[in-house]
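Please read the structure below before turning to the comments.
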Amino acid sequence: SMSEEIQFEYTLSPPMLTLSDWGARRLQLPEVVMDPLGDKRITDIMRAEELRNLSRILHNTSPEEPVVKYDCKSKIGGMDRWVRIVVQTMWSSDETPKYEGVIGKAVDIHEARLRIDALENMASHDTLTKLLNRDYAEKWIEECLHREGCGRYVMMLLDLDHIKEANVSRGRMFGDELLVHVAESLLQNTGENEIAARI
């Protein structure tokens, strides 16, 4: 409770989640939850997709490399919060070890994650237009072109003619408002696998 960590143990056989007393109170759960993957109270805290991802990662560990760190959003106290789950997988002592479960902890990293996200956003976006900056756009394009199964892409470059003259004749604030207006229009028309950048 002093470290404010939700400590837990999960076993496959029987399928059971055991929580520390502080963790159980924090999650508003009993200290022992049988069949946690089938328990709605658990999927209300951690989305089923996140549970499947974490389970897949855990099953891909080995006795030689048993530690996993996994960041995800969880609903704690009725609010979405970023948590870091750190676990060590447990293995049988058989000649061919079998995955038996995990022992670990979940730590609230919400404020730190928000600060990191804000810093990454500042580093990757133009401060005036909120479009991606040139460096980040180039990185994104490079990653797309080298991604396996890369499809076709289209690039469109826009040049706002006479923007310098508008800045001189109408003032820099007018020019900035014009850039912001064009940027907002681009962002409203940018799809999920598309980017808009100021280069």
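Note on naming: chains are A, B, ... as they come in the structure tokens, residues start from 1 per chain, ligands start from 1 in the order shown.
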How close does each residue of stretch 31-97 of chain A get to stretch 109-126 of chain A, giving the shortest atom pair and distance in Å to one decimal for every residue with an atom at most 8 Å away, counting only C-alpha atoms, sorted by chain and residue number, as a tab-separated table?
```
residue	atom	partner	partner_atom	distance
A:Arg81	CA	A:His110	CA	5.4
A:Trp82	CA	A:His110	CA	4.4
A:Val83	CA	A:Ile109	CA	5.2
A:Arg84	CA	A:Ile109	CA	6.4
```
Who sits within 6 Å of A:Ser74, only C-alpha atoms, same chain under 2 positions skipped, as a list in words: Ile45, Met46, Asp80 and Arg81 of chain A
Create the file for the chosen residues now, containing N, CA and C atoms and written as a compact mmCIF listing (two decimals), in the first residue's frame.
```
# COMPACT_ATOMS: atom_id res chain seq x y z
N ILE A 45 -12.45 -3.46 -16.13
CA ILE A 45 -11.22 -2.75 -15.74
C ILE A 45 -10.23 -2.70 -16.89
N MET A 46 -10.03 -3.83 -17.54
CA MET A 46 -9.07 -3.93 -18.64
C MET A 46 -9.80 -4.51 -19.85
N ASP A 80 -10.52 6.22 -16.81
CA ASP A 80 -9.47 5.62 -17.62
C ASP A 80 -8.13 6.16 -17.16
N ARG A 81 -7.21 5.24 -16.85
CA ARG A 81 -5.88 5.61 -16.37
C ARG A 81 -4.85 4.74 -17.09
```
Let me make sure I understand: among A:Glu184, A:Pro66, A:Ala137, A:Val33, which one has the smallest atom-to-atom distance to A:Met155 if we use only C-alpha atoms? A:Ala137
Mind giving me the straight-line distance from atom CA of A:Ser20 to atom CA of A:Gln7 in Å, one decimal?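 These atoms are spaced 5.4 Å apart.
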Near stretch 95-104 of chain A, counting only C-alpha atoms, which residues have an atom at most 9 Å away, once you skip same-chain residues fewer than 6 positions from it, shown as a PyMOL selection string? chain A and resi 6-13+15+58-59+61-63+85-89
Can I get the selected residues back with N, CA and C atoms, as a PDB file, in the first residue's frame?
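As written to disk, again-v6.pdb reads:
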```pdb
ATOM      1  N   ILE A   6      -0.585  -2.282  -7.365  1.00  0.00           N
ATOM      2  CA  ILE A   6      -1.561  -3.360  -7.320  1.00  0.00           C
ATOM      3  C   ILE A   6      -0.776  -4.642  -7.573  1.00  0.00           C
ATOM      4  N   GLN A   7      -0.507  -5.389  -6.531  1.00  0.00           N
ATOM      5  CA  GLN A   7       0.274  -6.620  -6.665  1.00  0.00           C
ATOM      6  C   GLN A   7      -0.684  -7.787  -6.860  1.00  0.00           C
ATOM      7  N   PHE A   8      -0.272  -8.731  -7.714  1.00  0.00           N
ATOM      8  CA  PHE A   8      -1.178  -9.826  -8.029  1.00  0.00           C
ATOM      9  C   PHE A   8      -0.405 -11.082  -8.429  1.00  0.00           C
ATOM     10  N   GLU A   9      -1.148 -12.192  -8.405  1.00  0.00           N
ATOM     11  CA  GLU A   9      -0.651 -13.465  -8.924  1.00  0.00           C
ATOM     12  C   GLU A   9      -1.784 -14.072  -9.742  1.00  0.00           C
ATOM     13  N   TYR A  10      -1.431 -14.619 -10.889  1.00  0.00           N
ATOM     14  CA  TYR A  10      -2.416 -15.270 -11.744  1.00  0.00           C
ATOM     15  C   TYR A  10      -1.934 -16.684 -12.056  1.00  0.00           C
ATOM     16  N   THR A  11      -2.797 -17.654 -11.837  1.00  0.00           N
ATOM     17  CA  THR A  11      -2.452 -19.038 -12.160  1.00  0.00           C
ATOM     18  C   THR A  11      -3.400 -19.553 -13.233  1.00  0.00           C
ATOM     19  N   LEU A  12      -2.865 -20.410 -14.104  1.00  0.00           N
ATOM     20  CA  LEU A  12      -3.678 -21.009 -15.166  1.00  0.00           C
ATOM     21  C   LEU A  12      -4.541 -22.143 -14.643  1.00  0.00           C
ATOM     22  N   SER A  13      -3.991 -22.923 -13.699  1.00  0.00           N
ATOM     23  CA  SER A  13      -4.711 -24.083 -13.203  1.00  0.00           C
ATOM     24  C   SER A  13      -4.660 -24.119 -11.676  1.00  0.00           C
ATOM     25  N   PRO A  15      -7.700 -21.408 -13.007  1.00  0.00           N
ATOM     26  CA  PRO A  15      -7.626 -20.006 -13.445  1.00  0.00           C
ATOM     27  C   PRO A  15      -8.080 -19.086 -12.308  1.00  0.00           C
ATOM     28  N   LEU A  58       2.544 -12.892 -22.904  1.00  0.00           N
ATOM     29  CA  LEU A  58       2.972 -13.764 -21.805  1.00  0.00           C
ATOM     30  C   LEU A  58       3.238 -15.184 -22.288  1.00  0.00           C
ATOM     31  N   HIS A  59       2.405 -15.678 -23.180  1.00  0.00           N
ATOM     32  CA  HIS A  59       2.595 -17.033 -23.694  1.00  0.00           C
ATOM     33  C   HIS A  59       3.841 -17.143 -24.575  1.00  0.00           C
ATOM     34  N   THR A  61       6.718 -15.749 -23.757  1.00  0.00           N
ATOM     35  CA  THR A  61       7.925 -15.642 -22.933  1.00  0.00           C
ATOM     36  C   THR A  61       8.546 -17.032 -22.792  1.00  0.00           C
ATOM     37  N   SER A  62       9.641 -17.071 -22.083  1.00  0.00           N
ATOM     38  CA  SER A  62      10.318 -18.355 -21.829  1.00  0.00           C
ATOM     39  C   SER A  62      10.890 -18.309 -20.417  1.00  0.00           C
ATOM     40  N   PRO A  63      11.293 -19.468 -19.873  1.00  0.00           N
ATOM     41  CA  PRO A  63      11.913 -19.456 -18.552  1.00  0.00           C
ATOM     42  C   PRO A  63      13.190 -18.615 -18.525  1.00  0.00           C
ATOM     43  N   ILE A  85       2.003  -2.615 -16.350  1.00  0.00           N
ATOM     44  CA  ILE A  85       1.948  -3.940 -15.749  1.00  0.00           C
ATOM     45  C   ILE A  85       3.321  -4.575 -15.921  1.00  0.00           C
ATOM     46  N   VAL A  86       3.919  -4.974 -14.822  1.00  0.00           N
ATOM     47  CA  VAL A  86       5.227  -5.634 -14.843  1.00  0.00           C
ATOM     48  C   VAL A  86       5.031  -7.014 -14.250  1.00  0.00           C
ATOM     49  N   VAL A  87       5.321  -8.043 -15.027  1.00  0.00           N
ATOM     50  CA  VAL A  87       5.097  -9.408 -14.552  1.00  0.00           C
ATOM     51  C   VAL A  87       6.291 -10.303 -14.838  1.00  0.00           C
ATOM     52  N   GLN A  88       6.383 -11.340 -14.052  1.00  0.00           N
ATOM     53  CA  GLN A  88       7.339 -12.420 -14.306  1.00  0.00           C
ATOM     54  C   GLN A  88       6.517 -13.688 -14.467  1.00  0.00           C
ATOM     55  N   THR A  89       6.716 -14.350 -15.597  1.00  0.00           N
ATOM     56  CA  THR A  89       5.980 -15.584 -15.834  1.00  0.00           C
ATOM     57  C   THR A  89       6.556 -16.701 -14.978  1.00  0.00           C
TER      58      THR A  89
END
```
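Running DSSP on the backbone and keeping only helix (DSSP H, G or I), the residues of stretch 5-61 of chain A that qualify are Asp21, Trp22, Gly23, Ala24, Arg25, Arg26, Leu27, Pro36, Leu37, Gly38, Lys40, Arg41, Ile42, Thr43, Asp44, Ile45, Ala48, Glu49, Glu50, Leu51, Arg52, Asn53, Leu54, Ser55, Arg56, Ile57, Leu58 and His59 of chain A.
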Return the single residue from A:Asp21, A:Val168, A:Val182, A:Ile195 that is closest to A:Tyr153, with distances computed using only C-alpha atoms.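 The closest residue to A:Tyr153 is A:Ile195.
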Got a sec: who's within 9 Å of A:Ile199, counting only C-alpha atoms, leaving out chain neighbours fewer than 4 positions off, as a PyMOL selection string? chain A and resi 132-135+137
How would the residues just chosen look if you wrote them out with all heavy atoms as an mmCIF file, in the first residue's frame?
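So the final result, stored in out_22.cif, reads:
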```cif
data_model
loop_
_atom_site.group_PDB
_atom_site.id
_atom_site.type_symbol
_atom_site.label_atom_id
_atom_site.label_comp_id
_atom_site.auth_asym_id
_atom_site.auth_seq_id
_atom_site.Cartn_x
_atom_site.Cartn_y
_atom_site.Cartn_z
ATOM 1 N N LEU A 132 1.712 17.831 -38.462
ATOM 2 C CA LEU A 132 3.008 17.213 -38.203
ATOM 3 C C LEU A 132 4.107 18.106 -38.756
ATOM 4 O O LEU A 132 3.914 18.784 -39.760
ATOM 5 C CB LEU A 132 3.089 15.846 -38.879
ATOM 6 C CG LEU A 132 2.199 14.744 -38.317
ATOM 7 C CD1 LEU A 132 2.359 13.476 -39.133
ATOM 8 C CD2 LEU A 132 2.511 14.473 -36.863
ATOM 9 N N ASN A 133 5.265 18.099 -38.095
ATOM 10 C CA ASN A 133 6.383 18.873 -38.621
ATOM 11 C C ASN A 133 7.137 18.053 -39.669
ATOM 12 O O ASN A 133 6.876 16.869 -39.864
ATOM 13 C CB ASN A 133 7.310 19.366 -37.498
ATOM 14 C CG ASN A 133 7.944 18.223 -36.726
ATOM 15 O OD1 ASN A 133 8.260 17.166 -37.264
ATOM 16 N ND2 ASN A 133 8.141 18.442 -35.436
ATOM 17 N N ARG A 134 8.063 18.688 -40.344
ATOM 18 C CA ARG A 134 8.768 18.047 -41.457
ATOM 19 C C ARG A 134 9.518 16.789 -41.025
ATOM 20 O O ARG A 134 9.439 15.750 -41.683
ATOM 21 C CB ARG A 134 9.729 19.056 -42.083
ATOM 22 C CG ARG A 134 10.521 18.481 -43.216
ATOM 23 C CD ARG A 134 11.578 19.455 -43.722
ATOM 24 N NE ARG A 134 12.279 18.882 -44.840
ATOM 25 C CZ ARG A 134 12.482 19.505 -45.981
ATOM 26 N NH1 ARG A 134 12.031 20.725 -46.151
ATOM 27 N NH2 ARG A 134 13.134 18.915 -46.946
ATOM 28 N N ASP A 135 10.269 16.885 -39.925
ATOM 29 C CA ASP A 135 11.069 15.742 -39.481
ATOM 30 C C ASP A 135 10.192 14.528 -39.199
ATOM 31 O O ASP A 135 10.506 13.412 -39.600
ATOM 32 C CB ASP A 135 11.879 16.091 -38.222
ATOM 33 C CG ASP A 135 13.011 17.065 -38.506
ATOM 34 O OD1 ASP A 135 13.404 17.188 -39.677
ATOM 35 O OD2 ASP A 135 13.487 17.690 -37.544
ATOM 36 N N ALA A 137 7.113 13.962 -40.288
ATOM 37 C CA ALA A 137 6.467 13.512 -41.530
ATOM 38 C C ALA A 137 7.429 12.650 -42.343
ATOM 39 O O ALA A 137 7.042 11.600 -42.861
ATOM 40 C CB ALA A 137 6.003 14.710 -42.345
#
```
Report, in Å to a single decimal, how far apart atom CA of A:Trp140 and atom CA of A:Lys69 are.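 We find that atom CA of A:Lys69 and atom CA of A:Trp140 lie 25.5 Å from each other.
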Each residue of stretch 52-83 of chain A with at least one atom at most 9 Å from stretch 24-31 of chain A should appear once, together with its nearest atom pair and the corresponding distance in Å (one decimal); atoms considered: only C-alpha atoms; ordering: chain, then increasing residue number; output as a Markdown table.
```
| residue | atom | partner | partner_atom | distance |
| --- | --- | --- | --- | --- |
| A:Lys75 | CA | A:Leu27 | CA | 8.7 |
| A:Ile76 | CA | A:Leu27 | CA | 6.1 |
| A:Gly77 | CA | A:Leu27 | CA | 6.8 |
```
Selected residues written out with all heavy atoms, as a PDB file, in the first residue's frame:
```pdb
ATOM      1  N   LYS A  75      -9.520   0.953 -16.472  1.00  0.00           N
ATOM      2  CA  LYS A  75     -10.516   1.756 -15.755  1.00  0.00           C
ATOM      3  C   LYS A  75     -10.337   1.502 -14.268  1.00  0.00           C
ATOM      4  O   LYS A  75     -10.594   0.405 -13.782  1.00  0.00           O
ATOM      5  CB  LYS A  75     -11.918   1.393 -16.210  1.00  0.00           C
ATOM      6  CG  LYS A  75     -12.953   2.428 -15.801  1.00  0.00           C
ATOM      7  CD  LYS A  75     -14.276   2.222 -16.495  1.00  0.00           C
ATOM      8  CE  LYS A  75     -14.313   2.630 -17.929  1.00  0.00           C
ATOM      9  NZ  LYS A  75     -14.240   4.021 -18.234  1.00  0.00           N
ATOM     10  N   ILE A  76      -9.843   2.510 -13.577  1.00  0.00           N
ATOM     11  CA  ILE A  76      -9.608   2.404 -12.142  1.00  0.00           C
ATOM     12  C   ILE A  76     -10.395   3.505 -11.448  1.00  0.00           C
ATOM     13  O   ILE A  76     -10.241   4.678 -11.787  1.00  0.00           O
ATOM     14  CB  ILE A  76      -8.098   2.522 -11.814  1.00  0.00           C
ATOM     15  CG1 ILE A  76      -7.333   1.390 -12.505  1.00  0.00           C
ATOM     16  CG2 ILE A  76      -7.869   2.508 -10.314  1.00  0.00           C
ATOM     17  CD1 ILE A  76      -5.843   1.448 -12.346  1.00  0.00           C
ATOM     18  N   GLY A  77     -11.232   3.116 -10.509  1.00  0.00           N
ATOM     19  CA  GLY A  77     -12.067   4.100  -9.818  1.00  0.00           C
ATOM     20  C   GLY A  77     -13.018   4.802 -10.767  1.00  0.00           C
ATOM     21  O   GLY A  77     -13.341   5.968 -10.569  1.00  0.00           O
TER      22      GLY A  77
END
```
Mind checking which residues fall within 7 Å of A:Ser1, counting only C-alpha atoms, ignoring those fewer than 3 positions away in the same chain, and posting them as a list in words? Glu4, Glu5 and Trp22 of chain A
Please extract the residues of stretch 29-190 of chain A with a backbone DSSP assignment of strand (DSSP E) and present them as a PyMOL selection string. chain A and resi 32-34+67-76+79-91+99-108+132-133
Looking at only C-alpha atoms, which of A:Ile141, A:His181, A:Met173, A:Leu17 is the one that sits closest to A:Glu194?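 Closest residue, counting only C-alpha atoms: A:Ile141.
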